[in-house]
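The file structure.txt contains compact mmCIF, C-alpha atoms:
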# COMPACT_ATOMS: atom_id res chain seq x y z
CA MET S 204 -14.26 19.14 2.99
CA LEU S 205 -11.23 21.17 4.11
CA HIS S 206 -11.24 19.44 7.49
CA LYS S 207 -11.22 15.98 5.83
CA LEU S 208 -8.36 17.04 3.56
CA LYS S 209 -6.31 18.23 6.55
CA LYS S 210 -6.92 14.89 8.30
CA ARG S 211 -5.73 12.96 5.26
CA LEU S 212 -2.63 15.12 4.87
CA TYR S 213 -1.72 15.08 8.58
CA PHE S 214 0.52 12.03 8.53
CA VAL S 215 1.86 12.89 5.07
CA VAL S 216 3.20 16.13 6.52
CA ALA S 217 4.30 14.41 9.73
CA ARG S 218 6.26 11.77 7.81
CA TYR S 219 8.09 14.44 5.81
CA PHE S 220 9.35 16.31 8.85
CA ALA S 221 10.00 13.10 10.82
CA PHE S 222 12.22 11.90 7.96
CA TRP S 223 14.57 14.83 8.50
CA ALA S 224 14.18 14.75 12.29
CA LYS S 225 15.55 11.18 12.28
CA PHE S 226 18.86 12.47 10.93
CA VAL S 227 19.11 14.85 13.88
CA LEU S 228 18.35 12.05 16.35
CA ARG S 229 20.99 9.80 14.74
CA ARG S 230 23.63 12.50 15.08
CA TRP S 231 22.48 13.56 18.55
CA HIS S 232 21.71 10.06 19.87
CA PRO S 233 20.02 11.20 23.12
CA ARG S 234 18.55 9.00 25.83
CA ILE S 235 14.81 9.58 25.36
CA VAL S 236 12.16 9.69 28.08
CA VAL S 237 8.57 9.86 26.82
CA ILE S 238 5.87 11.35 29.04
CA THR S 239 2.43 10.39 27.79
CA GLY S 240 -1.24 10.02 28.70
CA SER S 241 -4.59 11.69 28.16
CA SER S 242 -4.20 14.21 30.98
CA GLY S 243 -1.38 15.35 33.26
CA LYS S 244 1.46 15.12 30.71
CA THR S 245 2.47 18.76 30.86
CA THR S 246 2.42 18.85 34.64
CA LEU S 247 4.64 15.76 34.77
CA LEU S 248 7.01 17.27 32.21
CA HIS S 249 7.44 20.35 34.39
CA LEU S 250 7.84 18.28 37.54
CA VAL S 251 10.67 16.39 35.85
CA GLU S 252 12.21 19.65 34.67
CA ALA S 253 12.09 21.05 38.21
CA GLN S 254 14.26 18.12 39.30
CA LEU S 255 16.64 17.70 36.35
CA GLY S 256 16.91 21.32 35.21
CA ASP S 257 19.47 21.87 32.44
CA GLU S 258 20.55 18.22 32.47
CA ALA S 259 17.96 17.58 29.76
CA ILE S 260 16.24 19.10 26.72
CA TYR S 261 12.42 19.35 27.04
CA SER S 262 9.84 19.35 24.24
CA HIS S 263 7.91 22.35 25.48
CA HIS S 264 4.87 23.33 23.35
CA ALA S 265 5.33 20.29 21.08
CA ASN S 266 3.65 16.92 21.66
CA SER S 267 2.18 15.79 18.33
CA ALA S 268 3.34 13.82 15.29
CA ILE S 269 4.15 17.14 13.61
CA GLY S 270 5.12 19.20 16.65
CA ILE S 271 7.79 16.82 17.96
CA PRO S 272 9.68 16.62 14.62
CA PHE S 273 9.45 20.42 14.52
CA HIS S 274 11.04 20.59 17.97
CA ILE S 275 13.83 18.19 17.00
CA LEU S 276 14.55 20.28 13.89
CA GLY S 277 14.48 23.54 15.86
CA LEU S 278 11.28 24.89 14.26
CA GLU S 279 8.68 26.88 16.18
CA PRO S 280 5.55 24.71 16.68
CA ASN S 281 2.88 27.32 15.84
CA VAL S 282 2.63 27.81 12.08
CA ALA S 283 0.75 31.03 11.38
CA SER S 284 0.47 31.02 7.56
CA ARG S 285 0.77 29.00 4.36
CA GLY S 286 3.95 30.90 3.59
CA GLN S 287 5.49 29.72 6.84
CA TRP S 288 4.60 26.11 5.98
CA ILE S 289 6.39 26.44 2.65
CA THR S 290 9.41 27.92 4.42
CA TYR S 291 9.46 25.03 6.87
CA VAL S 292 9.27 22.46 4.06
CA LEU S 293 12.24 24.07 2.31
CA LYS S 294 14.29 24.52 5.49
CA ALA S 295 13.85 21.00 6.91
CA PRO S 296 16.58 19.28 4.78
CA PHE S 297 19.11 21.87 5.91
CA LEU S 298 18.01 21.81 9.54
CA CYS S 299 18.80 18.11 9.80
CA LEU S 300 22.43 19.27 9.76
CA ARG S 301 21.93 21.74 12.61
CA ARG S 302 24.21 21.65 15.62
CA VAL S 303 22.88 19.05 18.02
CA PRO S 304 22.59 19.78 21.76
CA LYS S 305 25.50 18.84 24.02
CA VAL S 306 22.99 17.55 26.57
CA GLY S 307 22.32 13.86 26.00
CA LEU S 308 18.89 13.51 27.60
CA TYR S 309 15.63 14.35 25.78
CA ILE S 310 12.37 14.53 27.76
CA VAL S 311 9.44 14.39 25.33
CA GLU S 312 5.76 15.01 26.02
CA ALA S 313 3.83 12.88 23.52
CA ASP S 314 0.07 12.89 22.87
CA CYS S 315 -2.26 10.64 20.87
CA ASP S 316 -4.99 12.91 19.52
CA ARG S 317 -5.82 10.51 16.70
CA PRO S 318 -5.43 6.85 15.69
CA GLY S 319 -1.92 6.12 14.49
CA GLU S 320 -0.22 8.94 16.36
CA GLY S 321 1.16 6.78 19.16
CA ALA S 322 2.43 4.20 16.67
CA PHE S 323 4.05 6.94 14.56
CA LEU S 324 5.77 8.75 17.43
CA SER S 325 6.91 5.62 19.26
CA LYS S 326 8.64 4.45 16.09
CA LEU S 327 10.36 7.82 15.73
CA LEU S 328 11.41 8.19 19.37
CA LYS S 329 12.10 4.60 20.48
CA PRO S 330 12.03 5.67 24.16
CA GLU S 331 14.39 4.28 26.74
CA VAL S 332 11.87 5.19 29.44
CA THR S 333 8.13 5.85 29.25
CA LEU S 334 6.10 7.53 32.00
CA TRP S 335 2.40 6.85 31.32
CA VAL S 336 0.19 8.90 33.59
CA SER S 337 -3.43 8.41 32.48
CA VAL S 338 -6.10 7.31 30.01
CA TYR S 339 -9.33 9.31 29.61
CA ARG S 340 -11.89 9.91 26.87
CA THR S 341 -10.09 12.85 25.26
CA HIS S 342 -10.32 13.61 21.52
CA SER S 343 -12.89 10.82 21.47
CA MET S 344 -14.43 11.90 18.17
CA ASN S 345 -11.24 10.83 16.37
CA PHE S 346 -11.73 7.28 17.65
CA ASP S 347 -15.46 7.01 16.80
CA SER S 348 -14.85 5.04 13.62
CA LEU S 349 -12.75 2.40 15.41
CA VAL S 350 -15.54 1.80 17.91
CA LYS S 351 -18.34 1.88 15.35
CA SER S 352 -16.52 -0.61 13.13
CA GLY S 353 -15.99 -2.97 16.04
CA VAL S 354 -12.18 -2.76 16.12
CA PHE S 355 -12.54 -1.72 19.78
CA THR S 356 -15.53 -2.15 22.07
CA LYS S 357 -15.28 1.34 23.59
CA HIS S 358 -13.40 4.60 23.26
CA GLU S 359 -11.28 4.15 26.39
CA THR S 360 -9.89 0.88 24.98
CA ALA S 361 -9.09 2.46 21.61
CA ILE S 362 -7.36 5.43 23.23
CA ALA S 363 -5.46 3.22 25.68
CA TYR S 364 -4.24 1.03 22.82
CA GLU S 365 -2.86 4.05 20.98
CA PHE S 366 -0.98 5.29 24.03
CA GLY S 367 0.15 1.72 24.65
CA ASN S 368 2.38 1.94 21.57
CA PHE S 369 4.85 3.94 23.64
CA ALA S 370 5.00 1.24 26.32
CA ALA S 371 5.43 -1.42 23.63
CA ALA S 372 8.34 0.47 22.04
CA THR S 373 10.17 1.23 25.31
CA THR S 374 13.58 -0.41 25.72
CA LYS S 375 14.38 -0.17 29.45
CA LEU S 376 11.70 1.10 31.88
CA VAL S 377 7.95 1.76 31.86
CA VAL S 378 6.39 3.57 34.83
CA ALA S 379 2.59 3.48 34.69
CA ASN S 380 -0.59 4.37 36.56
CA ASP S 381 -1.81 1.19 38.25
CA ASP S 382 -5.23 2.66 39.11
CA GLN S 383 -6.69 2.54 35.58
CA PRO S 384 -7.57 -0.96 34.29
CA GLU S 385 -7.58 0.01 30.60
CA LEU S 386 -4.07 1.38 30.97
CA VAL S 387 -2.80 -1.60 32.97
CA LYS S 388 -4.11 -4.04 30.35
CA GLN S 389 -1.89 -2.44 27.71
CA LEU S 390 1.22 -3.15 29.79
CA GLU S 391 0.99 -6.73 28.50
CA ARG S 392 2.49 -5.34 25.30
CA VAL S 393 5.76 -4.32 27.01
CA SER S 394 8.70 -6.35 25.67
CA LYS S 395 10.33 -9.03 27.78
CA GLY S 396 13.31 -7.71 29.69
CA VAL S 397 11.85 -4.21 30.02
CA GLU S 398 11.19 -3.27 33.65
CA VAL S 399 7.63 -2.21 34.52
CA LYS S 400 6.95 -0.20 37.66
CA LYS S 401 3.43 0.77 38.71
CA VAL S 402 2.34 3.66 40.90
CA SER S 403 -0.97 4.04 42.72
CA GLY S 404 -2.86 6.74 44.57
CA GLN S 405 -3.02 4.35 47.51
CA ALA S 406 0.58 5.33 48.32
CA LEU S 407 -0.58 8.86 49.21
CA THR S 408 -1.10 9.16 52.98
CA LYS S 409 -1.98 12.86 53.25
CA TYR S 410 -2.96 15.69 50.90
CA THR S 411 -3.25 19.33 51.91
CA VAL S 412 -4.16 22.41 49.86
CA ALA S 413 -3.13 25.86 51.11
CA GLU S 414 -3.69 29.23 49.44
CA ASP S 415 -0.56 28.98 47.28
CA GLU S 416 0.95 25.58 48.07
CA THR S 417 0.01 21.89 47.86
CA VAL S 418 1.52 19.31 50.19
CA PHE S 419 1.71 15.57 49.47
CA MET S 420 2.76 12.97 52.02
CA PHE S 421 3.91 9.44 51.18
CA GLY S 422 4.56 7.66 54.47
CA LYS S 423 7.25 9.78 56.14
CA ARG S 424 8.22 11.60 52.95
CA ILE S 425 6.66 15.05 52.43
CA ILE S 426 6.71 16.85 49.09
CA TYR S 427 5.86 20.54 48.71
CA LEU S 428 4.64 21.97 45.41
CA PRO S 429 4.22 25.72 44.87
CA GLY S 430 0.75 26.57 43.58
CA LEU S 431 -2.40 24.47 43.39
CA HIS S 432 -2.30 20.87 42.20
CA PRO S 433 -5.02 18.18 42.11
CA LYS S 434 -4.77 15.14 44.31
CA ASP S 435 -3.95 12.83 41.42
CA THR S 436 -0.70 14.75 40.89
CA ASN S 437 0.60 12.32 43.48
CA LEU S 438 0.91 9.76 40.66
CA SER S 439 3.18 12.09 38.71
CA LEU S 440 5.27 12.75 41.80
CA GLN S 441 5.77 9.03 42.25
CA MET S 442 6.79 8.73 38.58
CA VAL S 443 9.36 11.49 38.98
CA ASN S 444 10.79 9.64 41.97
CA GLU S 445 11.05 6.41 39.96
CA LEU S 446 12.75 8.24 37.09
CA LEU S 447 15.28 9.85 39.42
CA LYS S 448 16.05 6.48 40.99
CA TYR S 449 16.58 5.04 37.51
CA PHE S 450 19.11 7.79 36.77
CA GLY S 451 20.71 7.47 40.22
CA LYS S 452 19.70 10.95 41.37
CA GLU S 453 18.30 12.33 44.63
CA LEU S 454 14.84 13.88 44.90
CA ASP S 455 14.45 17.50 46.02
CA PRO S 456 11.14 17.45 47.94
CA ILE S 457 10.71 21.24 47.79
CA TYR S 458 10.30 21.63 43.99
CA GLY S 459 11.33 25.27 44.39
CA SER S 460 11.98 25.83 40.68
CA LEU S 461 8.63 24.45 39.50
CA GLN S 462 6.87 26.81 37.11
CA MET S 463 3.66 25.73 35.48
CA PRO S 464 2.80 26.99 31.98
CA PRO S 465 -0.24 29.22 31.34
CA GLY S 466 -3.70 27.79 31.83
CA ARG S 467 -2.72 25.02 34.25
CA THR S 468 -4.17 25.94 37.64
CA ASN S 469 -2.42 29.31 37.84
CA LEU S 470 -3.50 31.72 40.58
CA PHE S 471 -4.28 35.40 39.99
CA LYS S 472 -5.61 38.23 42.13
CA GLY S 473 -8.84 39.52 40.67
CA ILE S 474 -10.79 42.72 41.05
CA ASN S 475 -12.75 43.22 44.30
CA ASP S 476 -10.42 40.90 46.21
CA THR S 477 -11.44 37.86 44.18
CA THR S 478 -9.17 34.88 43.53
CA LEU S 479 -9.00 33.65 39.93
CA ILE S 480 -7.89 30.06 39.34
CA ASP S 481 -6.94 29.66 35.70
CA SER S 482 -7.36 26.15 34.26
CA THR S 483 -8.30 27.30 30.77
CA TYR S 484 -5.78 25.35 28.72
CA ASN S 485 -8.34 22.64 28.03
CA THR S 486 -11.12 20.61 29.56
CA GLY S 487 -12.02 16.94 29.79
CA LEU S 488 -14.16 14.99 32.21
CA GLY S 489 -11.27 13.30 34.05
CA ALA S 490 -9.23 16.47 34.38
CA THR S 491 -12.32 18.46 35.37
CA GLU S 492 -13.19 16.05 38.15
CA ALA S 493 -9.66 16.33 39.54
CA MET S 494 -9.79 20.13 39.40
CA ILE S 495 -13.20 20.46 41.06
CA GLU S 496 -12.12 18.12 43.86
CA LEU S 497 -9.06 20.32 44.34
CA PHE S 498 -11.31 23.38 44.39
CA MET S 499 -13.41 21.82 47.15
CA ASP S 500 -10.25 21.61 49.30
CA TYR S 501 -9.25 25.21 48.56
CA PRO S 502 -9.44 27.28 51.79
CA VAL S 503 -12.07 29.89 50.91
CA LEU S 504 -15.77 30.10 51.72
CA ARG S 505 -17.42 31.28 48.49
CA LYS S 506 -16.61 29.16 45.44
CA TRP S 507 -17.78 29.80 41.89
CA LEU S 508 -17.19 27.49 38.93
CA VAL S 509 -17.07 28.82 35.37
CA ILE S 510 -16.80 25.95 32.89
CA SER S 511 -17.04 25.60 29.13
CA ASP S 512 -17.88 22.78 26.71
CA ILE S 513 -15.87 19.56 26.60
CA LEU S 514 -14.68 19.57 23.00
CA GLU S 515 -13.94 16.83 20.45
CA GLN S 516 -16.20 14.17 22.00
CA GLY S 517 -18.03 13.04 18.86
CA SER S 518 -20.61 10.35 19.61
CA LEU S 519 -19.88 10.70 23.36
CA GLU S 520 -20.80 14.38 23.46
CA GLN S 521 -24.17 14.05 25.23
CA GLN S 522 -22.93 11.38 27.65
CA GLU S 523 -19.84 13.35 28.68
CA HIS S 524 -21.78 16.56 29.34
CA GLN S 525 -24.48 14.80 31.31
CA GLU S 526 -21.83 13.08 33.42
CA LEU S 527 -20.27 16.50 33.90
CA ALA S 528 -23.59 17.73 35.30
CA GLU S 529 -23.77 14.83 37.75
CA LEU S 530 -20.23 15.59 38.89
CA ILE S 531 -20.91 19.30 39.41
CA ALA S 532 -24.17 18.63 41.26
CA LYS S 533 -22.30 16.68 43.94
CA MET S 534 -20.02 19.62 44.77
CA GLN S 535 -20.78 22.40 47.21
CA LEU S 536 -20.50 25.32 44.81
CA ASP S 537 -22.07 28.72 45.39
CA ARG S 538 -22.49 29.44 41.69
CA VAL S 539 -22.07 27.48 38.46
CA VAL S 540 -21.63 29.39 35.19
CA LEU S 541 -21.76 27.32 32.00
CA LEU S 542 -20.37 28.43 28.63
CA GLY S 543 -21.10 26.88 25.26
CA ARG S 544 -23.67 25.11 23.13
CA ARG S 545 -22.97 21.66 24.54
CA THR S 546 -23.15 22.54 28.23
CA HIS S 547 -26.31 24.52 27.52
CA GLN S 548 -27.95 21.60 25.72
CA TYR S 549 -26.86 18.69 27.92
CA THR S 550 -25.43 19.94 31.24
CA TYR S 551 -27.73 22.85 32.06
CA PRO S 552 -31.05 20.89 32.07
CA VAL S 553 -29.64 18.33 34.52
CA LEU S 554 -28.30 21.01 36.85
CA GLN S 555 -31.59 22.92 36.73
CA ASP S 556 -33.23 19.85 38.27
CA LYS S 557 -30.53 19.34 40.88
CA LEU S 558 -29.50 22.85 41.97
CA PRO S 559 -31.44 25.90 43.23
CA VAL S 560 -32.47 28.14 40.36
CA ASN S 561 -30.20 31.01 41.46
CA ARG S 562 -27.06 28.86 41.56
CA VAL S 563 -26.67 27.88 37.89
CA VAL S 564 -26.70 29.94 34.68
CA SER S 565 -25.81 29.15 31.09
CA PHE S 566 -24.43 31.29 28.26
CA GLU S 567 -23.26 30.68 24.71
CA GLN S 568 -20.78 33.57 24.39
CA ALA S 569 -17.77 34.43 26.57
CA GLY S 570 -18.78 38.10 26.52
CA GLU S 571 -22.05 37.18 28.25
CA VAL S 572 -20.12 35.34 30.95
CA LEU S 573 -17.97 38.41 31.57
CA THR S 574 -21.00 40.70 31.83
CA TYR S 575 -22.66 38.32 34.27
CA LEU S 576 -19.58 38.06 36.50
CA GLN S 577 -19.01 41.82 36.54
CA LYS S 578 -22.60 42.27 37.67
CA GLU S 579 -22.86 39.45 40.20
CA LEU S 580 -19.49 39.25 41.96
CA ARG S 581 -19.59 40.89 45.37
CA GLY S 582 -15.94 40.48 46.34
CA GLY S 583 -13.94 37.77 48.08
CA GLU S 584 -15.07 34.90 45.85
CA ALA S 585 -12.71 32.25 44.50
CA ILE S 586 -13.54 31.45 40.87
CA LEU S 587 -12.31 28.34 39.07
CA PHE S 588 -12.23 28.78 35.29
CA LYS S 589 -12.11 25.45 33.45
CA GLY S 590 -12.00 25.10 29.68
CA ALA S 591 -11.61 27.22 26.58
CA LEU S 592 -14.06 29.14 24.30
CA GLY S 593 -12.58 32.46 25.40
CA LEU S 594 -12.50 32.02 29.17
CA GLU S 595 -8.89 33.25 29.25
CA GLY S 596 -10.30 36.53 27.89
CA VAL S 597 -12.82 36.67 30.73
CA ILE S 598 -10.00 36.25 33.24
CA GLU S 599 -8.05 38.99 31.47
CA GLN S 600 -10.84 41.49 32.11
CA LEU S 601 -11.09 40.52 35.79
CA LEU S 602 -7.39 40.77 36.69
CA ALA S 603 -6.45 43.18 39.48
CA ASP S 604 -3.18 43.78 37.61
CA PRO S 605 -3.81 43.98 33.83
CA ASN S 606 -0.11 43.35 33.17
CA GLU S 607 -0.58 39.75 34.26
CA ALA S 608 -2.53 39.09 31.06
CA SER S 609 0.79 38.03 29.51
CA LYS S 610 0.66 34.94 31.77
CA LEU S 611 -2.58 33.69 30.20
CA VAL S 612 -2.97 31.18 27.36
CA ARG S 613 -3.75 31.96 23.72
CA ARG S 614 -1.94 35.24 23.26
CA GLY S 615 -1.46 36.96 19.92
CA ALA S 616 -3.51 38.76 17.28
CA VAL S 617 -5.33 35.65 16.02
CA TRP S 618 -6.72 34.85 19.46
CA THR S 619 -7.53 38.50 20.19
CA LYS S 620 -9.67 38.55 17.05
CA ARG S 621 -11.46 35.36 18.08
CA ARG S 622 -12.20 36.71 21.56
CA GLN S 623 -13.65 39.86 20.01
CA ALA S 624 -15.96 37.65 17.92
CA TRP S 625 -17.03 36.00 21.17
CA GLY S 626 -18.10 39.35 22.61
CA LEU S 627 -15.03 40.20 24.67
CA PRO S 628 -13.20 43.56 24.70
CA GLN S 629 -9.91 43.90 22.87
Represent the supplied structure as structure tokens.
Amino acid sequence: MLHKLKKRLYFVVARYFAFWAKFVLRRWHPRIVVITGSSGKTTLLHLVEAQLGDEAIYSHHANSAIGIPFHILGLEPNVASRGQWITYVLKAPFLCLRRVPKVGLYIVEADCDRPGEGAFLSKLLKPEVTLWVSVYRTHSMNFDSLVKSGVFTKHETAIAYEFGNFAAATTKLVVANDDQPELVKQLERVSKGVEVKKVSGQALTKYTVAEDETVFMFGKRIIYLPGLHPKDTNLSLQMVNELLKYFGKELDPIYGSLQMPPGRTNLFKGINDTTLIDSTYNTGLGATEAMIELFMDYPVLRKWLVISDILEQGSLEQQEHQELAELIAKMQLDRVVLLGRRTHQYTYPVLQDKLPVNRVVSFEQAGEVLTYLQKELRGGEAILFKGALGLEGVIEQLLADPNEASKLVRRGAVWTKRRQAWGLPQ
């Protein structure tokens, strides 16, 4: 009941804050670049920031119909209490008069978690440029009704249509992933006179993963990224290049200032000379496939995968988790550790048939995963952690330097309490 009420009120609240945010945008009048897609948005945002630096304002930690108006108004995106909501409601009319930034470029990460969100945000932002990186079956449960009612034939089409609102609202340039048919079909909605540029993975001529660096080659051009990045990041790199050309700027192929946020393929030294690869911000089948393929290229002998449920899949829940099992079974992994009810019910049985009995285990609590790893790790393993359900807390207990816990996702008392409920230490 409460969940349904929140869903009904979502756009009511969003419209209220967007009303005041529009006044800020009218006074500020920035050139707006929207970065959107099911997966890879945040990476692309940070790649752009590494090139443009303080020449732009970036919508860090805000990508929703409520979060983006918050960011425009100067409000913190994470609302911790009802009292804070009331304060925000009262402050919004005054914040529309806040001092606007002197910088005239606004780079906005925009998501479409639910039907109507792309239409709502595209109307608010009216982007000059849109960079559209991907379409996958993320937050699929929110699109179930559109598929069941026959409005769309499948979830990918419904999700692509919602993201397509940004392309349709763009006034100057759309740069899009040419490798996904559902995405490409939506480009028919781009207005006449708006330039459309497409990028493809076929432009990548070489891809190399080192211990703490990833190298991409496009013909004679070589780009170096600090840290680990999946192969499909090449699409984002091409989009950055197109954006820089649009603004008449030169590309720095070193990306020396690139800093990824917590939970996005961050590397940590673990106890017993282990390597911990933190990809715990979220999980989804498309993103997981890209990460596991990256992991296969990582230069270490013993590779363990710890992965949790794919959330918010609705009617696709069984299908997605069984496809996950088929994906994992193809990889040369020394150990697979599953976490969650869904992976236990749908992924584990498939892997039991396809992998040796000692190579796959399944647990329903993060504390059980931690106990298992502490018992079984011998030292020298590289462990990829993918997904949520407390896995950041498992990493925290395995860090060689406990002070690095501040670099993990989901910090704060609320999340500490949840991890304790999941069987993890404080």
Gap from CA of Ser518 (chain S) to CA of Lys589 (chain S) - Å, one decimal: 22.2 Å
Quick one: which region 266-358 of chain S residues come within 12 Å of region 441-450 of chain S, and what is the nearest atom pair for each with the distance in Å to one decimal, counting all atoms listed in the file, rows ordered by chain and ascending number, as a tab-separated table?
residue	atom	partner	partner_atom	distance
S:Leu308	CA	S:Phe450	CA	10.8
S:Ile310	CA	S:Leu446	CA	11.3
S:Glu331	CA	S:Tyr449	CA	11.0
S:Val332	CA	S:Leu446	CA	8.3
S:Thr333	CA	S:Leu446	CA	9.4
S:Leu334	CA	S:Met442	CA	6.7
S:Trp335	CA	S:Met442	CA	8.7
S:Val336	CA	S:Met442	CA	8.3
S:Ser337	CA	S:Met442	CA	11.9
Nearest to Val215 (chain S) by atom-to-atom distance, counting all atoms listed in the file, from S:Leu298, S:Ala268, S:Leu514, S:Leu255: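 Between S:Leu298, S:Ala268, S:Leu514, S:Leu255, the residue approaching Val215 (chain S) most closely is S:Ala268.
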Contacts of Thr619 (chain S) within 10 Å, all atoms listed in the file, excl. fewer than 5 positions in-chain, as a list in words: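 The contact residues come out as Gly593, Gly596, Arg613, Arg614, Ala624, Trp625, Leu627, Pro628 and Gln629 of chain S.
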All residues 12 Å or closer to region 302-306 of chain S, all atoms listed in the file, same chain fewer than 3 positions away omitted, as a list in words: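 Here the answer would be Ala224, Phe226, Val227, Leu228, Arg229, Arg230, Trp231, His232, Pro233, Arg234, Ile235, Leu255, Gly256, Asp257, Glu258, Ala259, Ile260, Tyr261, His274, Ile275, Leu276, Gly277, Phe297, Leu298, Cys299, Tyr309 and Ile310 of chain S.
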Cut-off 8 Å around (-7.0, -0.1, 29.8) with all atoms listed in the file: residues as a PyMOL selection string: chain S and resi 338+359-360+363-364+383-389
Would you mind exporting C-alpha atoms of the selected residues as a PDB file, in the frame of the given file?
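What follows is the written file again.pdb:
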ATOM      1  CA  VAL S 338      -6.100   7.310  30.010  1.00  0.00           C
ATOM      2  CA  GLU S 359     -11.280   4.150  26.390  1.00  0.00           C
ATOM      3  CA  THR S 360      -9.890   0.880  24.980  1.00  0.00           C
ATOM      4  CA  ALA S 363      -5.460   3.220  25.680  1.00  0.00           C
ATOM      5  CA  TYR S 364      -4.240   1.030  22.820  1.00  0.00           C
ATOM      6  CA  GLN S 383      -6.690   2.540  35.580  1.00  0.00           C
ATOM      7  CA  PRO S 384      -7.570  -0.960  34.290  1.00  0.00           C
ATOM      8  CA  GLU S 385      -7.580   0.010  30.600  1.00  0.00           C
ATOM      9  CA  LEU S 386      -4.070   1.380  30.970  1.00  0.00           C
ATOM     10  CA  VAL S 387      -2.800  -1.600  32.970  1.00  0.00           C
ATOM     11  CA  LYS S 388      -4.110  -4.040  30.350  1.00  0.00           C
ATOM     12  CA  GLN S 389      -1.890  -2.440  27.710  1.00  0.00           C
TER      13      GLN S 389
END
Shell around Phe588 (chain S) at 6 Å using all atoms listed in the file, local window under 4 positions removed, as a list in words: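 My list of contacting residues is Asp481, Ser482, Val509 and Ile510 of chain S.
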Spatial neighbours of Leu558 (chain S), max dist 12 Å, only C-alpha atoms, sep filter under 2 positions, as a ChimeraX atom specification: /S:528-529,531-539,550-556,560-564
Residues near Ala371 (chain S), cut-off 9 Å, all atoms listed in the file, skip fewer than 6 positions along chain, as a list in words: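 Close residues of Ala371 (chain S): Ser325, Gln389, Leu390, Glu391, Arg392, Val393 and Ser394 of chain S.
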Gap from CA of Val236 (chain S) to CA of Thr486 (chain S) - Å, one decimal: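 So the answer is 25.8 Å.
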Gap from CA of Ala372 (chain S) to CA of Arg340 (chain S) - Å, one decimal: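 Interatomic distance here is 22.8 Å.
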Kindly add N, CA and C atoms to the incomplete region 486-500 of chain S and provide the output as a compact mmCIF listing (two decimals), in the frame of the given file.
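Saved the output as rebuild.txt:
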# COMPACT_ATOMS: atom_id res chain seq x y z
N THR S 486 -10.20 21.24 28.62
CA THR S 486 -11.12 20.61 29.56
C THR S 486 -11.37 19.17 29.11
N GLY S 487 -11.71 18.34 30.03
CA GLY S 487 -12.02 16.94 29.79
C GLY S 487 -12.61 16.44 31.09
N LEU S 488 -13.42 15.41 31.03
CA LEU S 488 -14.16 14.99 32.21
C LEU S 488 -13.23 14.55 33.34
N GLY S 489 -12.20 13.76 33.01
CA GLY S 489 -11.27 13.30 34.05
C GLY S 489 -10.52 14.44 34.69
N ALA S 490 -9.98 15.33 33.87
CA ALA S 490 -9.23 16.47 34.38
C ALA S 490 -10.14 17.42 35.15
N THR S 491 -11.38 17.58 34.69
CA THR S 491 -12.32 18.46 35.37
C THR S 491 -12.67 17.93 36.75
N GLU S 492 -12.89 16.64 36.84
CA GLU S 492 -13.19 16.05 38.15
C GLU S 492 -12.06 16.29 39.14
N ALA S 493 -10.82 16.10 38.68
CA ALA S 493 -9.66 16.33 39.54
C ALA S 493 -9.58 17.78 39.98
N MET S 494 -9.88 18.71 39.07
CA MET S 494 -9.79 20.13 39.40
C MET S 494 -10.89 20.56 40.36
N ILE S 495 -12.10 20.07 40.16
CA ILE S 495 -13.20 20.46 41.06
C ILE S 495 -12.96 19.89 42.46
N GLU S 496 -12.43 18.68 42.54
CA GLU S 496 -12.12 18.12 43.86
C GLU S 496 -11.04 18.94 44.55
N LEU S 497 -10.05 19.41 43.79
CA LEU S 497 -9.06 20.32 44.34
C LEU S 497 -9.72 21.60 44.84
N PHE S 498 -10.62 22.13 44.04
CA PHE S 498 -11.31 23.38 44.39
C PHE S 498 -12.09 23.23 45.69
N MET S 499 -12.66 22.05 45.92
CA MET S 499 -13.41 21.82 47.15
C MET S 499 -12.49 21.89 48.38
N ASP S 500 -11.21 21.56 48.19
CA ASP S 500 -10.25 21.61 49.30
C ASP S 500 -9.63 23.00 49.47
